[in-house]
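Structure file input_36.txt (compact mmCIF, C-alpha atoms) is printed below.
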```
# COMPACT_ATOMS: atom_id res chain seq x y z
CA MET O 1 -343.03 -10.78 10.72
CA THR O 2 -346.40 -9.52 11.92
CA GLY O 3 -348.37 -9.33 8.74
CA SER O 4 -348.11 -8.97 5.02
CA PRO O 5 -349.83 -6.78 2.47
CA VAL O 6 -350.05 -9.75 0.09
CA PRO O 7 -353.77 -10.62 -0.21
CA PRO O 8 -354.69 -14.16 0.88
CA GLU O 9 -356.29 -14.82 -2.54
CA LEU O 10 -352.94 -14.14 -4.19
CA TYR O 11 -351.22 -16.35 -1.65
CA ALA O 12 -353.53 -19.27 -2.52
CA GLU O 13 -353.02 -18.59 -6.23
CA VAL O 14 -349.24 -18.81 -5.81
CA LEU O 15 -349.54 -22.12 -3.93
CA HIS O 16 -351.63 -23.49 -6.80
CA PHE O 17 -349.14 -22.14 -9.35
CA TYR O 18 -346.31 -23.96 -7.57
CA ALA O 19 -348.35 -27.17 -7.43
CA ARG O 20 -348.87 -27.23 -11.20
CA GLN O 21 -345.33 -26.16 -11.91
CA MET O 22 -343.67 -28.78 -9.76
CA GLN O 23 -345.97 -31.60 -10.85
CA ALA O 24 -344.87 -30.75 -14.40
CA LEU O 25 -341.19 -30.84 -13.43
CA ASP O 26 -341.48 -34.09 -11.50
CA GLY O 27 -343.51 -35.59 -14.35
CA GLY O 28 -340.63 -34.93 -16.75
CA ASP O 29 -342.61 -32.31 -18.69
CA PHE O 30 -339.71 -29.88 -18.90
CA GLU O 31 -341.35 -27.78 -21.62
CA SER O 32 -344.34 -27.07 -19.39
CA TYR O 33 -342.02 -26.28 -16.50
CA ALA O 34 -340.07 -23.85 -18.69
CA ALA O 35 -343.37 -22.26 -19.76
CA THR O 36 -343.94 -21.18 -16.15
CA PHE O 37 -341.05 -18.74 -16.61
CA THR O 38 -341.22 -15.46 -18.49
CA ALA O 39 -339.68 -15.42 -21.96
CA ASP O 40 -336.48 -13.93 -20.50
CA GLY O 41 -336.68 -15.95 -17.28
CA THR O 42 -333.63 -17.32 -15.50
CA PHE O 43 -333.28 -20.56 -13.53
CA LYS O 44 -330.29 -21.25 -11.32
CA HIS O 45 -330.88 -24.65 -9.79
CA SER O 46 -327.56 -24.84 -8.03
CA PRO O 47 -325.24 -22.16 -6.67
CA LYS O 48 -322.42 -23.96 -8.46
CA LEU O 49 -323.95 -23.78 -11.91
CA PRO O 50 -324.58 -20.80 -14.19
CA ALA O 51 -328.24 -19.79 -14.53
CA ALA O 52 -330.16 -21.17 -17.50
CA GLN O 53 -331.85 -18.41 -19.50
CA THR O 54 -334.99 -18.29 -21.67
CA ARG O 55 -337.51 -21.11 -21.86
CA GLN O 56 -335.46 -22.99 -24.42
CA GLY O 57 -332.36 -22.66 -22.29
CA ILE O 58 -334.22 -23.88 -19.20
CA THR O 59 -335.65 -26.86 -21.08
CA GLU O 60 -332.21 -27.80 -22.38
CA ALA O 61 -330.62 -27.45 -18.95
CA LEU O 62 -333.23 -29.79 -17.46
CA HIS O 63 -332.72 -32.41 -20.17
CA GLU O 64 -328.97 -32.17 -19.56
CA PHE O 65 -329.36 -32.45 -15.77
CA HIS O 66 -331.61 -35.48 -16.02
CA LYS O 67 -329.17 -37.42 -18.18
CA LYS O 68 -327.63 -38.65 -14.95
CA PHE O 69 -330.82 -40.65 -14.41
CA ASP O 70 -330.58 -42.41 -17.80
CA GLY O 71 -330.94 -46.11 -17.12
CA ASP O 72 -331.83 -45.33 -13.50
CA PRO O 73 -335.61 -45.40 -13.16
CA VAL O 74 -336.46 -42.76 -10.57
CA GLN O 75 -339.49 -40.79 -9.57
CA ARG O 76 -338.48 -37.49 -8.03
CA ARG O 77 -340.88 -35.32 -6.03
CA HIS O 78 -340.20 -31.79 -4.84
CA TYR O 79 -342.16 -31.03 -1.65
CA PHE O 80 -342.59 -27.30 -1.04
CA ASN O 81 -343.36 -25.70 2.31
CA HIS O 82 -343.61 -22.32 4.05
CA VAL O 83 -343.95 -20.07 1.02
CA VAL O 84 -343.25 -16.46 2.08
CA LEU O 85 -344.26 -13.70 -0.32
CA GLU O 86 -343.20 -10.05 -0.30
CA GLN O 87 -344.62 -7.39 -2.57
CA GLN O 88 -341.81 -5.56 -4.35
CA GLU O 89 -341.86 -1.91 -5.37
CA ASP O 90 -341.73 -2.81 -9.07
CA GLY O 91 -344.96 -4.83 -8.77
CA SER O 92 -343.28 -8.23 -8.70
CA LEU O 93 -343.47 -10.65 -5.79
CA SER O 94 -340.43 -12.12 -4.13
CA SER O 95 -341.00 -15.64 -2.86
CA THR O 96 -338.91 -17.75 -0.53
CA ALA O 97 -339.94 -21.38 0.02
CA TYR O 98 -338.58 -24.61 1.41
CA ALA O 99 -338.14 -27.47 -1.07
CA LEU O 100 -337.38 -31.04 -0.13
CA VAL O 101 -336.47 -33.53 -2.85
CA LEU O 102 -337.64 -37.14 -2.53
CA THR O 103 -336.37 -39.79 -4.92
CA THR O 104 -338.06 -43.18 -5.22
CA ARG O 105 -336.84 -46.17 -7.16
CA PRO O 106 -338.86 -49.29 -8.02
CA GLY O 107 -339.58 -51.36 -4.94
CA GLY O 108 -337.76 -48.96 -2.68
CA ARG O 109 -338.39 -46.34 -0.06
CA PRO O 110 -337.84 -42.67 -0.91
CA ASP O 111 -334.39 -41.19 -0.47
CA VAL O 112 -334.75 -37.91 1.40
CA GLY O 113 -332.88 -34.85 0.25
CA PRO O 114 -331.43 -32.54 -0.61
CA SER O 115 -333.16 -29.92 1.50
CA CYS O 116 -333.30 -26.66 -0.44
CA VAL O 117 -334.66 -23.13 -0.43
CA VAL O 118 -336.04 -21.60 -3.62
CA ASN O 119 -335.80 -17.85 -4.15
CA ASP O 120 -338.24 -16.72 -6.84
CA VAL O 121 -339.33 -13.49 -8.44
CA ILE O 122 -342.93 -13.85 -9.61
CA VAL O 123 -344.69 -11.54 -12.06
CA ARG O 124 -348.11 -11.51 -13.68
CA ASP O 125 -347.62 -12.01 -17.39
CA ARG O 126 -350.73 -11.62 -19.53
CA GLY O 127 -352.95 -12.80 -16.68
CA ALA O 128 -350.87 -15.76 -15.58
CA LEU O 129 -348.29 -15.95 -12.81
CA ARG O 130 -344.81 -16.67 -14.10
CA LEU O 131 -341.29 -16.74 -12.73
CA LYS O 132 -338.91 -14.01 -13.80
CA SER O 133 -336.19 -15.85 -11.93
CA ARG O 134 -335.57 -18.81 -9.64
CA ALA O 135 -332.40 -19.44 -7.68
CA VAL O 136 -332.09 -22.55 -5.52
CA ASP O 137 -329.92 -22.81 -2.40
CA HIS O 138 -328.91 -26.17 -0.91
CA ASP O 139 -328.77 -26.65 2.85
CA GLN O 140 -325.94 -29.14 2.83
CA GLU O 141 -323.71 -26.56 1.13
CA PHE O 142 -324.57 -23.72 3.47
CA ALA O 143 -325.19 -25.22 6.88
CA ALA O 144 -321.60 -24.69 7.91
CA VAL O 145 -321.70 -21.05 6.89
CA ALA O 146 -324.92 -20.33 8.73
CA VAL O 147 -323.53 -21.13 12.14
CA MET R 1 -349.82 -24.83 -16.88
CA THR R 2 -350.30 -21.07 -17.00
CA GLY R 3 -353.30 -20.57 -14.81
CA SER R 4 -356.47 -22.15 -13.60
CA PRO R 5 -360.07 -21.08 -13.49
CA VAL R 6 -360.39 -22.57 -10.00
CA PRO R 7 -360.93 -19.61 -7.63
CA PRO R 8 -358.25 -19.21 -4.93
CA GLU R 9 -360.95 -19.29 -2.21
CA LEU R 10 -361.95 -22.77 -3.40
CA TYR R 11 -358.31 -23.80 -3.51
CA ALA R 12 -357.85 -22.79 0.14
CA GLU R 13 -361.09 -24.56 1.06
CA VAL R 14 -359.82 -27.79 -0.52
CA LEU R 15 -356.54 -27.55 1.39
CA HIS R 16 -358.50 -27.19 4.62
CA PHE R 17 -360.77 -30.10 3.66
CA TYR R 18 -357.74 -32.32 3.12
CA ALA R 19 -356.24 -31.23 6.45
CA ARG R 20 -359.34 -32.29 8.40
CA GLN R 21 -359.77 -35.46 6.41
CA MET R 22 -356.22 -36.68 6.82
CA GLN R 23 -355.99 -35.77 10.51
CA ALA R 24 -359.07 -37.96 10.97
CA LEU R 25 -357.47 -40.84 9.08
CA ASP R 26 -354.16 -40.58 10.90
CA GLY R 27 -356.02 -40.30 14.20
CA GLY R 28 -357.70 -43.63 13.57
CA ASP R 29 -361.14 -42.04 13.18
CA PHE R 30 -362.08 -44.11 10.15
CA GLU R 31 -365.78 -43.26 10.39
CA SER R 32 -365.02 -39.55 10.07
CA TYR R 33 -362.67 -40.26 7.19
CA ALA R 34 -365.38 -42.27 5.43
CA ALA R 35 -367.81 -39.41 6.02
CA THR R 36 -365.65 -37.21 3.79
CA PHE R 37 -366.80 -39.37 0.86
CA THR R 38 -370.18 -39.18 -0.82
CA ALA R 39 -372.66 -41.93 0.07
CA ASP R 40 -371.66 -43.81 -3.10
CA GLY R 41 -367.98 -42.83 -2.87
CA THR R 42 -365.14 -45.15 -3.84
CA PHE R 43 -361.67 -45.43 -2.29
CA LYS R 44 -358.90 -47.37 -3.97
CA HIS R 45 -355.90 -47.05 -1.72
CA SER R 46 -353.66 -49.34 -3.73
CA PRO R 47 -353.60 -50.19 -7.43
CA LYS R 48 -353.43 -53.85 -6.39
CA LEU R 49 -356.63 -53.83 -4.33
CA PRO R 50 -360.24 -53.48 -5.40
CA ALA R 51 -361.85 -50.15 -4.53
CA ALA R 52 -363.86 -49.94 -1.33
CA GLN R 53 -367.35 -48.59 -1.91
CA THR R 54 -369.82 -46.65 0.27
CA ARG R 55 -368.91 -45.16 3.64
CA GLN R 56 -369.48 -48.45 5.43
CA GLY R 57 -367.30 -50.27 2.90
CA ILE R 58 -364.54 -47.68 3.27
CA THR R 59 -364.66 -47.87 7.06
CA GLU R 60 -364.45 -51.67 6.96
CA ALA R 61 -361.57 -51.62 4.48
CA LEU R 62 -359.62 -49.28 6.75
CA HIS R 63 -360.20 -51.42 9.83
CA GLU R 64 -359.05 -54.44 7.80
CA PHE R 65 -355.95 -52.64 6.49
CA HIS R 66 -354.92 -51.47 9.95
CA LYS R 67 -355.05 -54.98 11.45
CA LYS R 68 -351.45 -55.31 10.34
CA PHE R 69 -350.58 -52.75 13.00
CA ASP R 70 -352.24 -54.73 15.80
CA GLY R 71 -349.68 -55.02 18.57
CA ASP R 72 -347.42 -52.60 16.70
CA PRO R 73 -347.92 -49.14 18.16
CA VAL R 74 -347.50 -46.72 15.28
CA GLN R 75 -348.45 -43.17 14.52
CA ARG R 76 -348.86 -42.68 10.79
CA ARG R 77 -348.98 -39.23 9.17
CA HIS R 78 -349.87 -38.50 5.57
CA TYR R 79 -348.17 -35.32 4.35
CA PHE R 80 -349.85 -33.80 1.30
CA ASN R 81 -348.24 -31.40 -1.15
CA HIS R 82 -348.80 -29.68 -4.49
CA VAL R 83 -352.56 -30.06 -4.78
CA VAL R 84 -353.58 -29.39 -8.40
CA LEU R 85 -357.28 -28.80 -9.10
CA GLU R 86 -359.08 -28.86 -12.43
CA GLN R 87 -362.70 -27.86 -12.92
CA GLN R 88 -364.57 -30.64 -14.75
CA GLU R 89 -367.45 -30.13 -17.14
CA ASP R 90 -369.87 -31.94 -14.82
CA GLY R 91 -369.16 -29.44 -12.04
CA SER R 92 -366.85 -31.71 -10.07
CA LEU R 93 -363.21 -30.97 -9.38
CA SER R 94 -360.41 -33.34 -10.22
CA SER R 95 -357.54 -33.16 -7.76
CA THR R 96 -354.03 -34.58 -8.00
CA ALA R 97 -351.78 -34.32 -4.97
CA TYR R 98 -348.57 -35.73 -3.58
CA ALA R 99 -348.85 -37.79 -0.40
CA LEU R 100 -345.92 -38.94 1.70
CA VAL R 101 -346.51 -41.43 4.51
CA LEU R 102 -344.46 -41.12 7.71
CA THR R 103 -344.63 -43.84 10.35
CA THR R 104 -343.32 -43.27 13.87
CA ARG R 105 -342.94 -45.85 16.61
CA PRO R 106 -342.29 -45.13 20.31
CA GLY R 107 -338.82 -43.77 20.87
CA GLY R 108 -337.97 -43.92 17.18
CA ARG R 109 -337.48 -41.68 14.21
CA PRO R 110 -340.11 -41.63 11.47
CA ASP R 111 -339.87 -44.14 8.65
CA VAL R 112 -340.29 -42.29 5.38
CA GLY R 113 -342.53 -43.68 2.68
CA PRO R 114 -344.22 -44.75 0.63
CA SER R 115 -344.36 -41.76 -1.68
CA CYS R 116 -347.78 -41.64 -3.32
CA VAL R 117 -350.04 -39.60 -5.56
CA VAL R 118 -353.74 -39.29 -4.77
CA ASN R 119 -356.23 -38.82 -7.59
CA ASP R 120 -359.52 -37.46 -6.28
CA VAL R 121 -362.86 -36.37 -7.67
CA ILE R 122 -364.34 -33.73 -5.35
CA VAL R 123 -367.96 -32.61 -5.35
CA ARG R 124 -369.99 -30.22 -3.24
CA ASP R 125 -372.57 -32.25 -1.38
CA ARG R 126 -375.17 -30.27 0.59
CA GLY R 127 -372.69 -27.45 1.12
CA ALA R 128 -369.70 -29.56 2.11
CA LEU R 129 -366.84 -30.75 -0.03
CA ARG R 130 -366.73 -34.53 -0.33
CA LEU R 131 -364.85 -37.11 -2.35
CA LYS R 132 -366.75 -39.01 -5.02
CA SER R 133 -363.65 -41.10 -5.53
CA ARG R 134 -360.04 -41.45 -4.47
CA ALA R 135 -357.44 -43.62 -6.16
CA VAL R 136 -353.89 -43.75 -4.81
CA ASP R 137 -350.80 -44.50 -6.90
CA HIS R 138 -347.51 -45.60 -5.31
CA ASP R 139 -344.21 -44.34 -6.69
CA GLN R 140 -342.23 -47.44 -5.85
CA GLU R 141 -344.57 -49.50 -8.05
CA PHE R 142 -344.48 -47.13 -11.01
CA ALA R 143 -341.06 -45.56 -11.09
CA ALA R 144 -339.78 -48.21 -13.46
CA VAL R 145 -342.68 -47.67 -15.82
CA ALA R 146 -342.36 -43.92 -15.87
CA VAL R 147 -338.86 -43.82 -17.33
CA MET W 1 -365.50 -33.09 9.45
CA THR W 2 -367.76 -31.81 6.69
CA GLY W 3 -366.95 -28.15 6.59
CA SER W 4 -365.72 -25.26 8.63
CA PRO W 5 -366.98 -21.78 9.25
CA VAL W 6 -363.41 -20.49 8.95
CA PRO W 7 -363.28 -18.37 5.78
CA PRO W 8 -360.79 -19.55 3.14
CA GLU W 9 -359.14 -16.10 3.12
CA LEU W 10 -358.35 -16.53 6.81
CA TYR W 11 -357.09 -20.04 6.17
CA ALA W 12 -354.64 -18.74 3.54
CA GLU W 13 -353.58 -15.93 5.88
CA VAL W 14 -352.77 -18.45 8.62
CA LEU W 15 -350.69 -20.54 6.20
CA HIS W 16 -348.72 -17.42 5.29
CA PHE W 17 -348.34 -16.50 8.96
CA TYR W 18 -346.87 -19.93 9.70
CA ALA W 19 -344.52 -19.66 6.72
CA ARG W 20 -343.01 -16.40 7.97
CA GLN W 21 -342.92 -17.57 11.55
CA MET W 22 -341.15 -20.84 10.86
CA GLN W 23 -338.66 -19.35 8.39
CA ALA W 24 -337.72 -16.95 11.22
CA LEU W 25 -337.28 -19.80 13.67
CA ASP W 26 -335.26 -21.95 11.27
CA GLY W 27 -333.18 -18.91 10.34
CA GLY W 28 -332.18 -18.47 13.97
CA ASP W 29 -334.08 -15.21 14.32
CA PHE W 30 -335.55 -16.08 17.70
CA GLU W 31 -336.60 -12.51 18.46
CA SER W 32 -338.79 -12.43 15.33
CA TYR W 33 -340.20 -15.83 16.22
CA ALA W 34 -341.05 -14.62 19.72
CA ALA W 35 -342.69 -11.54 18.20
CA THR W 36 -345.27 -13.82 16.56
CA PHE W 37 -346.63 -14.49 20.06
CA THR W 38 -348.80 -12.12 22.07
CA ALA W 39 -347.06 -10.23 24.87
CA ASP W 40 -348.32 -12.83 27.36
CA GLY W 41 -347.91 -15.75 24.97
CA THR W 42 -346.78 -19.21 26.05
CA PHE W 43 -344.66 -21.73 24.15
CA LYS W 44 -344.34 -25.32 25.29
CA HIS W 45 -342.11 -27.00 22.78
CA SER W 46 -341.96 -30.32 24.56
CA PRO W 47 -344.42 -32.04 26.89
CA LYS W 48 -341.49 -32.66 29.23
CA LEU W 49 -340.55 -29.01 29.63
CA PRO W 50 -342.37 -26.14 31.32
CA ALA W 51 -343.86 -23.58 28.97
CA ALA W 52 -341.83 -20.48 28.19
CA GLN W 53 -343.78 -17.30 28.83
CA THR W 54 -343.65 -13.78 27.35
CA ARG W 55 -341.61 -12.88 24.30
CA GLN W 56 -338.44 -12.45 26.33
CA GLY W 57 -338.99 -15.82 27.98
CA ILE W 58 -339.56 -17.51 24.62
CA THR W 59 -336.45 -15.92 23.13
CA GLU W 60 -334.35 -17.04 26.07
CA ALA W 61 -335.77 -20.58 25.96
CA LEU W 62 -334.86 -20.84 22.28
CA HIS W 63 -331.31 -19.60 22.85
CA GLU W 64 -331.00 -22.13 25.66
CA PHE W 65 -332.40 -24.99 23.54
CA HIS W 66 -330.07 -24.25 20.64
CA LYS W 67 -326.93 -24.35 22.79
CA LYS W 68 -326.86 -28.07 22.07
CA PHE W 69 -325.99 -27.19 18.48
CA ASP W 70 -322.99 -25.05 19.49
CA GLY W 71 -320.07 -26.29 17.42
CA ASP W 72 -322.46 -28.46 15.40
CA PRO W 73 -323.33 -26.61 12.21
CA VAL W 74 -326.91 -27.55 11.41
CA GLN W 75 -329.73 -26.18 9.33
CA ARG W 76 -333.06 -27.19 10.77
CA ARG W 77 -336.32 -26.92 8.83
CA HIS W 78 -339.80 -27.39 10.24
CA TYR W 79 -342.20 -28.64 7.55
CA PHE W 80 -345.84 -27.99 8.42
CA ASN W 81 -348.83 -29.84 6.95
CA HIS W 82 -352.58 -30.25 7.32
CA VAL W 83 -353.38 -27.13 9.31
CA VAL W 84 -356.87 -27.50 10.83
CA LEU W 85 -358.54 -24.38 12.21
CA GLU W 86 -361.56 -24.12 14.49
CA GLN W 87 -363.25 -20.89 15.43
CA GLN W 88 -363.55 -20.64 19.21
CA GLU W 89 -366.36 -18.90 21.07
CA ASP W 90 -363.99 -16.28 22.50
CA GLY W 91 -363.01 -15.19 18.97
CA SER W 92 -359.69 -16.99 18.94
CA LEU W 93 -358.78 -19.76 16.50
CA SER W 94 -357.54 -23.15 17.60
CA SER W 95 -355.07 -24.66 15.16
CA THR W 96 -353.72 -28.18 14.94
CA ALA W 97 -350.97 -28.91 12.43
CA TYR W 98 -348.39 -31.55 11.61
CA ALA W 99 -344.75 -30.51 11.93
CA LEU W 100 -341.82 -32.53 10.69
CA VAL W 101 -338.29 -31.48 11.63
CA LEU W 102 -335.48 -31.93 9.11
CA THR W 103 -331.87 -31.39 10.15
CA THR W 104 -329.12 -30.99 7.57
CA ARG W 105 -325.39 -30.84 8.23
CA PRO W 106 -322.70 -29.77 5.75
CA GLY W 107 -322.27 -32.28 2.96
CA GLY W 108 -324.97 -34.54 4.36
CA ARG W 109 -328.52 -35.62 3.73
CA PRO W 110 -331.28 -34.40 6.02
CA ASP W 111 -332.06 -36.35 9.17
CA VAL W 112 -335.81 -36.84 9.35
CA GLY W 113 -337.66 -36.26 12.57
CA PRO W 114 -339.04 -35.85 15.06
CA SER W 115 -342.60 -35.93 13.78
CA CYS W 116 -344.71 -33.54 15.84
CA VAL W 117 -348.12 -31.95 16.16
CA VAL W 118 -348.43 -28.29 17.09
CA ASN W 119 -351.49 -27.08 19.03
CA ASP W 120 -351.89 -23.33 18.74
CA VAL W 121 -354.30 -20.67 19.87
CA ILE W 122 -354.26 -17.82 17.35
CA VAL W 123 -355.65 -14.34 17.99
CA ARG W 124 -355.73 -11.12 16.00
CA ASP W 125 -353.64 -8.58 17.86
CA ARG W 126 -353.75 -5.03 16.49
CA GLY W 127 -354.36 -6.33 12.97
CA ALA W 128 -351.76 -9.08 12.94
CA LEU W 129 -352.20 -12.76 13.66
CA ARG W 130 -350.29 -13.87 16.76
CA LEU W 131 -350.05 -16.95 18.92
CA LYS W 132 -351.51 -16.79 22.39
CA SER W 133 -350.11 -20.24 23.00
CA ARG W 134 -348.30 -23.10 21.29
CA ALA W 135 -347.90 -26.60 22.69
CA VAL W 136 -345.99 -29.22 20.72
CA ASP W 137 -346.60 -32.98 20.96
CA HIS W 138 -344.03 -35.52 19.76
CA ASP W 139 -345.13 -38.70 18.00
CA GLN W 140 -342.31 -40.85 19.27
CA GLU W 141 -343.41 -40.15 22.84
CA PHE W 142 -347.08 -40.83 22.24
CA ALA W 143 -347.32 -43.52 19.60
CA ALA W 144 -347.54 -46.23 22.23
CA VAL W 145 -350.34 -44.47 24.05
CA ALA W 146 -352.37 -43.88 20.94
CA VAL W 147 -352.85 -47.56 20.13
```

Encoded form using structure tokens:
Amino acid sequence: MTGSPVPPELYAEVLHFYARQMQALDGGDFESYAATFTADGTFKHSPKLPAAQTRQGITEALHEFHKKFDGDPVQRRHYFNHVVLEQQEDGSLSSTAYALVLTTRPGGRPDVGPSCVVNDVIVRDRGALRLKSRAVDHDQEFAAVAV
Amino acid sequence: MTGSPVPPELYAEVLHFYARQMQALDGGDFESYAATFTADGTFKHSPKLPAAQTRQGITEALHEFHKKFDGDPVQRRHYFNHVVLEQQEDGSLSSTAYALVLTTRPGGRPDVGPSCVVNDVIVRDRGALRLKSRAVDHDQEFAAVAV
Amino acid sequence: MTGSPVPPELYAEVLHFYARQMQALDGGDFESYAATFTADGTFKHSPKLPAAQTRQGITEALHEFHKKFDGDPVQRRHYFNHVVLEQQEDGSLSSTAYALVLTTRPGGRPDVGPSCVVNDVIVRDRGALRLKSRAVDHDQEFAAVAV
């Protein structure tokens, strides 16, 4: 709680990485989002669902998930906050961050939620930061357990 | 998507610039907000409105816009997220960021929205970061188009 | 408004400090939250309440405050934004940041609010950043005064 060996330059780089990554996701560019994972990366965007694996698998899972918005014009935005990084012994970074989903429809105000926490493992892959894994927890599913 | 030549120190400096700028705006200090633009800066805060130009023009446009809150005591807050920077060939930075407006009235809970995206061109002007231009898009006006 | 002598590395370090601190608070780890204050630190989390003092005092105040959630399973999240730092003459940093509270209950969507501003004094204490003081303002109590 009282400090971190993660250099501030790396912290800023991770914030920028997340900004690009999530603008790609919210912009419907699922291929670019999948490219922010390593070739063997895994993405578990709900505790109830199996993890998608590999970039192709992640891209397909996102197309499948977004079918529920067919005919429903929405703009989703994932707001991230309080990114905490820990250096791991194997050289990777663990990252825990808040994520709030906002969904806006034409002429409307944003719907707020769900409130989530993302749990990432970040590695440097040929110079670029990439996710080895992402697992997303949802507050509305866990609040009861936490108390 | 897999990296950026923008140094992390500059990224952190831009985040701090935005923090000061938006606290000034939300604090009703429109002159200080306008001073974050270059002398010939432009500010288009809605796709439907013409861009305000020069610091005096921006200050006047903000006073005009806020007349609708006369007699309506509100505290507005603009939350920014996912700032993406790109170095341009002319030495400027392009910046794309999420912006969520929260409006609180005495005794009440915040109203959420609109959900926006700001599109900035940032330059270094006698040592300080300043905006050459800002154009704001609104999700509720574009969601239908995006799908 | 046009720059800050606060180095960007320090700015990123403060963002990371806040991330750890607020994940501890929202996770119910009040002892770790209190440890982010100096030994003589003060925490005034509402203008209406006296400030809690010392780490033990802060921990006790938080346990007391959270009694209202006994039997009410909630997950609270404090989203921070627009952290503005100023170097003070005594070597400390003053920090002003937005803070939005989200409260999620099982199966529900997050309740939004209150919208707050935190006013911190940050010092470096044996290598680590710590708060010498934190005072929180609430928009719904002040919006009327501000206009």

Discussion item. Please list as a PyMOL selection string every residue within 12 Å of segment 31-39 of chain W, counting all atoms listed in the file and excluding residues in the same chain fewer than 2 positions away.
Written reply: (chain O and resi 1-3) or (chain W and resi 14+17-29+41-43+52-63+120-126+128-134)

Closest atom pairs, residues of chain O within 12 Å of chain W, all atoms listed in the file, as a tab-separated table:
```
residue	atom	partner	partner_atom	distance
O:Met1	CA	W:Arg20	CA	6.3
O:Thr2	CA	W:Ala128	CA	5.5
O:Gly3	CA	W:Ala128	CA	5.4
O:Ser4	CA	W:His16	CA	8.5
O:Pro5	CA	W:Glu13	CA	10.5
O:Val6	CA	W:Glu13	CA	9.2
O:Pro7	CA	W:Glu13	CA	8.1
O:Pro8	CA	W:Ala12	CA	5.3
O:Glu9	CA	W:Glu9	CA	6.5
O:Leu10	CA	W:Ala12	CA	9.2
O:Tyr11	CA	W:Ala12	CA	6.7
O:Ala12	CA	W:Ala12	CA	6.2
O:Glu13	CA	W:Ala12	CA	9.9
O:Val14	CA	W:Ala12	CA	10.8
O:Leu15	CA	W:Ala12	CA	9.7
O:His16	CA	W:Ala12	CA	11.8
O:Tyr79	CA	W:Tyr79	CA	9.5
O:Phe80	CA	W:Tyr79	CA	8.7
O:Asn81	CA	W:Tyr79	CA	6.1
O:His82	CA	W:Ala19	CA	3.9
O:Val83	CA	W:Ala19	CA	5.7
O:Val84	CA	W:Ala19	CA	5.8
O:Leu85	CA	W:His16	CA	8.1
O:Glu86	CA	W:Arg20	CA	10.4
O:Ser95	CA	W:Ala19	CA	11.0
O:Thr96	CA	W:Gln23	CA	9.1
O:Ala97	CA	W:Ala19	CA	8.3
O:Tyr98	CA	W:Arg77	CA	8.1
O:Ala99	CA	W:Tyr79	CA	9.6
O:Leu100	CA	W:Pro110	CA	9.3
O:Val101	CA	W:Pro110	CA	10.3
O:Leu102	CA	W:Pro110	CA	11.0
O:Pro110	CA	W:Val112	CA	12.0
O:Asp111	CA	W:Arg109	CA	9.1
O:Val112	CA	W:Pro110	CA	6.8
O:Gly113	CA	W:Arg109	CA	5.6
O:Pro114	CA	W:Arg109	CA	6.1
O:Ser115	CA	W:Pro110	CA	6.6
O:Cys116	CA	W:Arg77	CA	9.8
O:Val117	CA	W:Arg77	CA	10.1
O:His138	CA	W:Thr104	CA	9.8
O:Asp139	CA	W:Thr104	CA	6.4
O:Gln140	CA	W:Pro106	CA	4.4
O:Glu141	CA	W:Pro106	CA	5.7
O:Phe142	CA	W:Pro106	CA	6.7
O:Ala143	CA	W:Gln75	CA	5.2
O:Ala144	CA	W:Pro73	CA	5.0
O:Val145	CA	W:Pro73	CA	7.9
O:Ala146	CA	W:Pro73	CA	7.4
O:Val147	CA	W:Pro73	CA	5.5
```

Item to complete: Pick out the residues sitting within 6 Å of Val136 of chain R, and hand them over as a list in words; count all atoms listed in the file, and ignore anything fewer than 2 positions along from it in its own chain.
Response: His45, Ser46, Val117 and Val118 of chain R

Worksheet item: What does the distance between atom CA of Pro47 of chain R and atom CA of Asp137 of chain R come to in Å, to one decimal place?
Response: 6.4 Å

Item to complete: Could you check how far atom CA of Ala51 of chain R sits from atom CA of His66 of chain R, in Å to one decimal?
Response: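 Between atom CA of Ala51 of chain R and atom CA of His66 of chain R the gap is 16.1 Å.
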
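Across the model, the gap from atom CA of Phe30 of chain O to atom CA of Gln88 of chain R is 25.2 Å.
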